[in-house]
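Below is one structure, written out as structure tokens, with a few remarks after it.
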Protein chains: 2
Amino acid sequence: MKRCINNPLITVKDVKPSRPDFRVEGVFNCGVCRYGDEILLICRVSESAGCTDQDVKIPVMDTDGSHPTMKIIDVVKEEHPEWNFTDSRSVIRNTPFVRKVVYLTSFSHLRLAHSKDGIHFTVDDAPMIQPMMQEESWGMEDPRVTQIGDTYYINYTAVSPQGPATALLSTKDFKEFQRLGVIFPPENKDVVIFPEKIGGKYYALNRPVSLEFGTPEIWISESPDLIHWGNHRHFCKASETGWENGRIGGGAVPFRTEKGWIELYHAADEANRYCIGALLLDAEHPEKILARTENPILQPEADYETSGFFGNTVFTCGCYRDGNNVTLYYGAADDKICRADITLDELYKALKVS
Amino acid sequence: MKRCINNPLITVKDVKPSRPDFRVEGVFNCGVCRYGDEILLICRVSESAGCTDQDVKIPVMDTDGSHPTMKIIDVVKEEHPEWNFTDSRSVIRNTPFVRKVVYLTSFSHLRLAHSKDGIHFTVDDAPMIQPMMQEESWGMEDPRVTQIGDTYYINYTAVSPQGPATALLSTKDFKEFQRLGVIFPPENKDVVIFPEKIGGKYYALNRPVSLEFGTPEIWISESPDLIHWGNHRHFCKASETGWENGRIGGGAVPFRTEKGWIELYHAADEANRYCIGALLLDAEHPEKILARTENPILQPEADYETSGFFGNTVFTCGCYRDGNNVTLYYGAADDKICRADITLDELYKALKVS
């Protein structure tokens, strides 16, 4: 893929904190759509409430009362000698054979960024929407946008002490939102919804996880209405190749081509290095994989991808096709938004289809 | 609860193996319904293919071809010094912070048992149904039966290398079955479907699991058609009391009373001791918990409950109400089927409702 020379396009410097006592740690994995004459990115913005050598301040949304309110939990490290504070993303309690997340160190919300040219973006001053449900009391992450008619469906990872689930919103104007609830219970994220009915049904890729079994891999599910999902089937195994021997999951919302659906997905190896690959799916039977890239089409190489909040990570939630060109937006090192482009011909070549 | 003096009602001696080279290891967690003038139990029958000090023979269903065929994998212990063979239920690979199931030592299928009096049962000679899908290639476990009109919906744990999921069958005669696919992707089991629409929607309790977060607890979900599920909400936390500090999950299919829905659920402590408790749910809003038993209504005490394939376990998948009496069938120590009875008045007393 061809990286944009303006990369990174959006960094933490471009984002106002949602509260004066918060610090923006990252602006990254973003859903993508065209709205009017603009390219819209729905960005994941992660913020922390501060930490010192002695303590960590954990932001959580308290949804017990009638109005959700942000609450800061002060964790004094000395009081928890059995907890591990070395992971930049979470506070961990390790017991034999179990690695449990006690808290996330940052809280993510969704924020809009606007552009006319797809390169220069203006980030809104305030969050697009705030968590309301108990099931998202630890934040809203990794949005994907699927446009169907004049409605934009935004699915995102709803995080809570019960684990990461996937919830759905819809909007026509990015001002008023309808909350459609949790569509995949935990642990299930990396959900991408196809932008049209196929054979009378909606389809989504998703990534369920089992506590004690196997490798997290991609499943495909069906729905009559985008809200209720069933006929879940195991869809795509992680390949034996090194770059995806940790886990794989959906990435960008799939787009239709003359040769079938193209899905740009992510894979991580056992060292948590995140790359992007591509799948070609049958146009009428998206559960059939016609071709698959042997090597990543994008992997962390640039400085802004190898270094950051969580380094060695490129991760996409969305792209758009314009004729023969595909524009991909992606999170780099869990703290910046970047762009890379590829032609359909190059994609077909990487997929070895003619 | 009052244990039946004939307990255990069904043991491995009453069950013919499904193949001459298989050995029945357990007949336990069973769905319950009334059909014609009979009480039917849909039993989980687990079988092994034999093991010695040197090797373990692992039965799996090969679903790659046009006809699923049983395959026996011979695991020579000496060749896998890093695997652990001490758990009676599975072969385990322990790596730091991860306990992974490599294989299950037994393979479960569903088998019918018939009775006129609810005490003396005759077990069919052959399985009721065999695994067909890749998602159940490691077996079918823990069935629950929900009767709606003249149709019986049987949900069960579909086990595969991707983890335990929940799938659905329907039948009107227990001879022909319609396969309705996976309704909850992994890891999700202990699903119980309410036997009628409430406010225009079907409801189910289920037990999703997160890899790194929290304690496995009960969620509630909605469906228009029993096949597609959404609006998943966290429903019931494990209490702080010792007997449920490991995890909790659905048990018997809920039944309606004058005071609301009663759900007999299971809880396990950190030592894997399984007990049964009760919840009272609002009749019109089943997501509202009105009352909950403080102590188990049944816990492993009898010899046949404390000793067996997996001891210290009482686990129910079904019961039926007859006037003021509730008859519960339950798996004891993962290898026998037992019965216990309780009156509604006693249940209300345990729930502290008048």
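Letters A, B, ... mark the chains of the structure tokens in the order given; residue numbers begin at 1 per chain; ligand numbers begin at 1, in order shown.
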
Quiz item: Using only C-alpha atoms, which chain B residues lie at most 7 Å away from chain A, written as a PyMOL selection string?
Solution: chain B and resi 94+96-101+135+161-163+181-183+185-187+208-214+223+227-232+234

Exercise. Would you please give, as a PyMOL selection string, all residues of stretch 2-173 of chain A that DSSP assigns to strand (DSSP E) based on the backbone?
Key: chain A and resi 2-3+23-35+38-48+55-62+69-76+83-84+90-95+98-104+107-115+122-123+139-148+151-160+163-171

Exercise. Would you kindly return, as a ChimeraX atom specification, each protein, DNA or RNA residue with an atom no farther than 8 Å from any atom of B:Asn324, considering only C-alpha atoms and excluding same-chain residues fewer than 3 positions away?
Key: /B:321,343-345

Practice problem: Using DSSP on the backbone coordinates, identify the residues of stretch 13-256 of chain A assigned to helix (DSSP H, G or I); present them as a list in words. | Solution: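 The residues of stretch 13-256 of chain A classed as helix (DSSP H, G or I) are Lys13, Asp14, Lys77, Glu78, Glu79, Gln134, Glu135, Glu136, Gly242, Trp243 and Glu244 of chain A.
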
Now that the selection is made, can you save its residues with all heavy atoms as an mmCIF file, in the first residue's frame?
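File written: out_17.cif
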data_model
loop_
_atom_site.group_PDB
_atom_site.id
_atom_site.type_symbol
_atom_site.label_atom_id
_atom_site.label_comp_id
_atom_site.auth_asym_id
_atom_site.auth_seq_id
_atom_site.Cartn_x
_atom_site.Cartn_y
_atom_site.Cartn_z
ATOM 1 N N LYS A 13 -2.278 15.812 19.468
ATOM 2 C CA LYS A 13 -2.197 17.282 19.508
ATOM 3 C C LYS A 13 -3.414 17.941 18.862
ATOM 4 O O LYS A 13 -3.725 19.105 19.131
ATOM 5 C CB LYS A 13 -0.942 17.760 18.771
ATOM 6 C CG LYS A 13 0.334 17.489 19.546
ATOM 7 C CD LYS A 13 1.543 17.985 18.749
ATOM 8 C CE LYS A 13 2.787 17.232 19.157
ATOM 9 N NZ LYS A 13 3.766 17.128 18.081
ATOM 10 N N ASP A 14 -4.074 17.203 17.982
ATOM 11 C CA ASP A 14 -5.225 17.755 17.266
ATOM 12 C C ASP A 14 -6.538 17.572 18.026
ATOM 13 O O ASP A 14 -7.598 17.974 17.543
ATOM 14 C CB ASP A 14 -5.366 17.071 15.898
ATOM 15 C CG ASP A 14 -4.097 17.174 15.082
ATOM 16 O OD1 ASP A 14 -3.584 18.307 14.967
ATOM 17 O OD2 ASP A 14 -3.609 16.138 14.586
ATOM 18 N N LYS A 77 -0.752 2.027 43.955
ATOM 19 C CA LYS A 77 -0.014 0.818 43.567
ATOM 20 C C LYS A 77 0.452 0.005 44.771
ATOM 21 O O LYS A 77 0.363 -1.226 44.778
ATOM 22 C CB LYS A 77 1.202 1.207 42.714
ATOM 23 C CG LYS A 77 0.842 1.752 41.336
ATOM 24 C CD LYS A 77 2.093 2.055 40.516
ATOM 25 C CE LYS A 77 1.722 2.702 39.193
ATOM 26 N NZ LYS A 77 2.909 3.026 38.384
ATOM 27 N N GLU A 78 0.929 0.710 45.796
ATOM 28 C CA GLU A 78 1.454 0.053 47.002
ATOM 29 C C GLU A 78 0.424 -0.869 47.652
ATOM 30 O O GLU A 78 0.770 -1.860 48.283
ATOM 31 C CB GLU A 78 1.837 1.153 47.994
ATOM 32 C CG GLU A 78 2.965 0.833 48.933
ATOM 33 C CD GLU A 78 3.250 2.058 49.808
ATOM 34 O OE1 GLU A 78 2.318 2.498 50.541
ATOM 35 O OE2 GLU A 78 4.367 2.575 49.739
ATOM 36 N N GLU A 79 -0.867 -0.508 47.490
ATOM 37 C CA GLU A 79 -1.922 -1.297 48.134
ATOM 38 C C GLU A 79 -2.219 -2.594 47.384
ATOM 39 O O GLU A 79 -2.982 -3.427 47.862
ATOM 40 C CB GLU A 79 -3.209 -0.462 48.232
ATOM 41 C CG GLU A 79 -3.089 0.694 49.213
ATOM 42 C CD GLU A 79 -4.293 1.631 49.160
ATOM 43 O OE1 GLU A 79 -5.273 1.308 48.447
ATOM 44 O OE2 GLU A 79 -4.244 2.690 49.819
ATOM 45 N N GLN A 134 -24.579 0.147 31.152
ATOM 46 C CA GLN A 134 -23.617 -0.540 32.007
ATOM 47 C C GLN A 134 -22.623 -1.319 31.137
ATOM 48 O O GLN A 134 -21.439 -1.399 31.453
ATOM 49 C CB GLN A 134 -24.379 -1.485 32.958
ATOM 50 C CG GLN A 134 -23.543 -2.082 34.082
ATOM 51 C CD GLN A 134 -22.837 -3.353 33.666
ATOM 52 O OE1 GLN A 134 -23.334 -4.087 32.826
ATOM 53 N NE2 GLN A 134 -21.675 -3.608 34.232
ATOM 54 N N GLU A 135 -23.097 -1.877 30.026
ATOM 55 C CA GLU A 135 -22.260 -2.712 29.165
ATOM 56 C C GLU A 135 -21.189 -1.913 28.426
ATOM 57 O O GLU A 135 -20.358 -2.493 27.710
ATOM 58 C CB GLU A 135 -23.129 -3.483 28.154
ATOM 59 C CG GLU A 135 -24.008 -4.572 28.764
ATOM 60 C CD GLU A 135 -25.261 -4.044 29.439
ATOM 61 O OE1 GLU A 135 -25.533 -2.825 29.342
ATOM 62 O OE2 GLU A 135 -25.973 -4.835 30.071
ATOM 63 N N GLU A 136 -21.182 -0.573 28.549
ATOM 64 C CA GLU A 136 -20.121 0.238 27.938
ATOM 65 C C GLU A 136 -19.503 1.177 28.980
ATOM 66 O O GLU A 136 -18.937 2.210 28.636
ATOM 67 C CB GLU A 136 -20.657 1.006 26.715
ATOM 68 C CG GLU A 136 -21.793 1.958 27.026
ATOM 69 C CD GLU A 136 -22.612 2.361 25.800
ATOM 70 O OE1 GLU A 136 -22.565 1.682 24.760
ATOM 71 O OE2 GLU A 136 -23.324 3.370 25.897
ATOM 72 N N GLY A 242 3.616 -16.829 10.141
ATOM 73 C CA GLY A 242 4.022 -16.168 11.374
ATOM 74 C C GLY A 242 3.231 -14.924 11.720
ATOM 75 O O GLY A 242 2.893 -14.703 12.884
ATOM 76 N N TRP A 243 2.876 -14.113 10.724
ATOM 77 C CA TRP A 243 2.288 -12.816 11.043
ATOM 78 C C TRP A 243 0.874 -12.907 11.597
ATOM 79 O O TRP A 243 0.366 -11.936 12.149
ATOM 80 C CB TRP A 243 2.339 -11.886 9.820
ATOM 81 C CG TRP A 243 1.534 -12.337 8.623
ATOM 82 C CD1 TRP A 243 1.847 -13.339 7.751
ATOM 83 C CD2 TRP A 243 0.286 -11.805 8.170
ATOM 84 N NE1 TRP A 243 0.886 -13.470 6.791
ATOM 85 C CE2 TRP A 243 -0.085 -12.535 7.011
ATOM 86 C CE3 TRP A 243 -0.548 -10.780 8.626
ATOM 87 C CZ2 TRP A 243 -1.258 -12.266 6.310
ATOM 88 C CZ3 TRP A 243 -1.720 -10.511 7.916
ATOM 89 C CH2 TRP A 243 -2.063 -11.255 6.777
ATOM 90 N N GLU A 244 0.226 -14.069 11.502
ATOM 91 C CA GLU A 244 -1.115 -14.154 12.075
ATOM 92 C C GLU A 244 -1.264 -15.376 12.989
ATOM 93 O O GLU A 244 -2.353 -15.924 13.123
ATOM 94 C CB GLU A 244 -2.204 -14.105 11.006
ATOM 95 C CG GLU A 244 -2.145 -15.091 9.893
ATOM 96 C CD GLU A 244 -3.300 -14.858 8.908
ATOM 97 O OE1 GLU A 244 -3.483 -13.715 8.435
ATOM 98 O OE2 GLU A 244 -4.029 -15.809 8.639
#

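Separating atom CA of A:Asp341 from atom CA of A:Ser46 is a distance of 25.8 Å.
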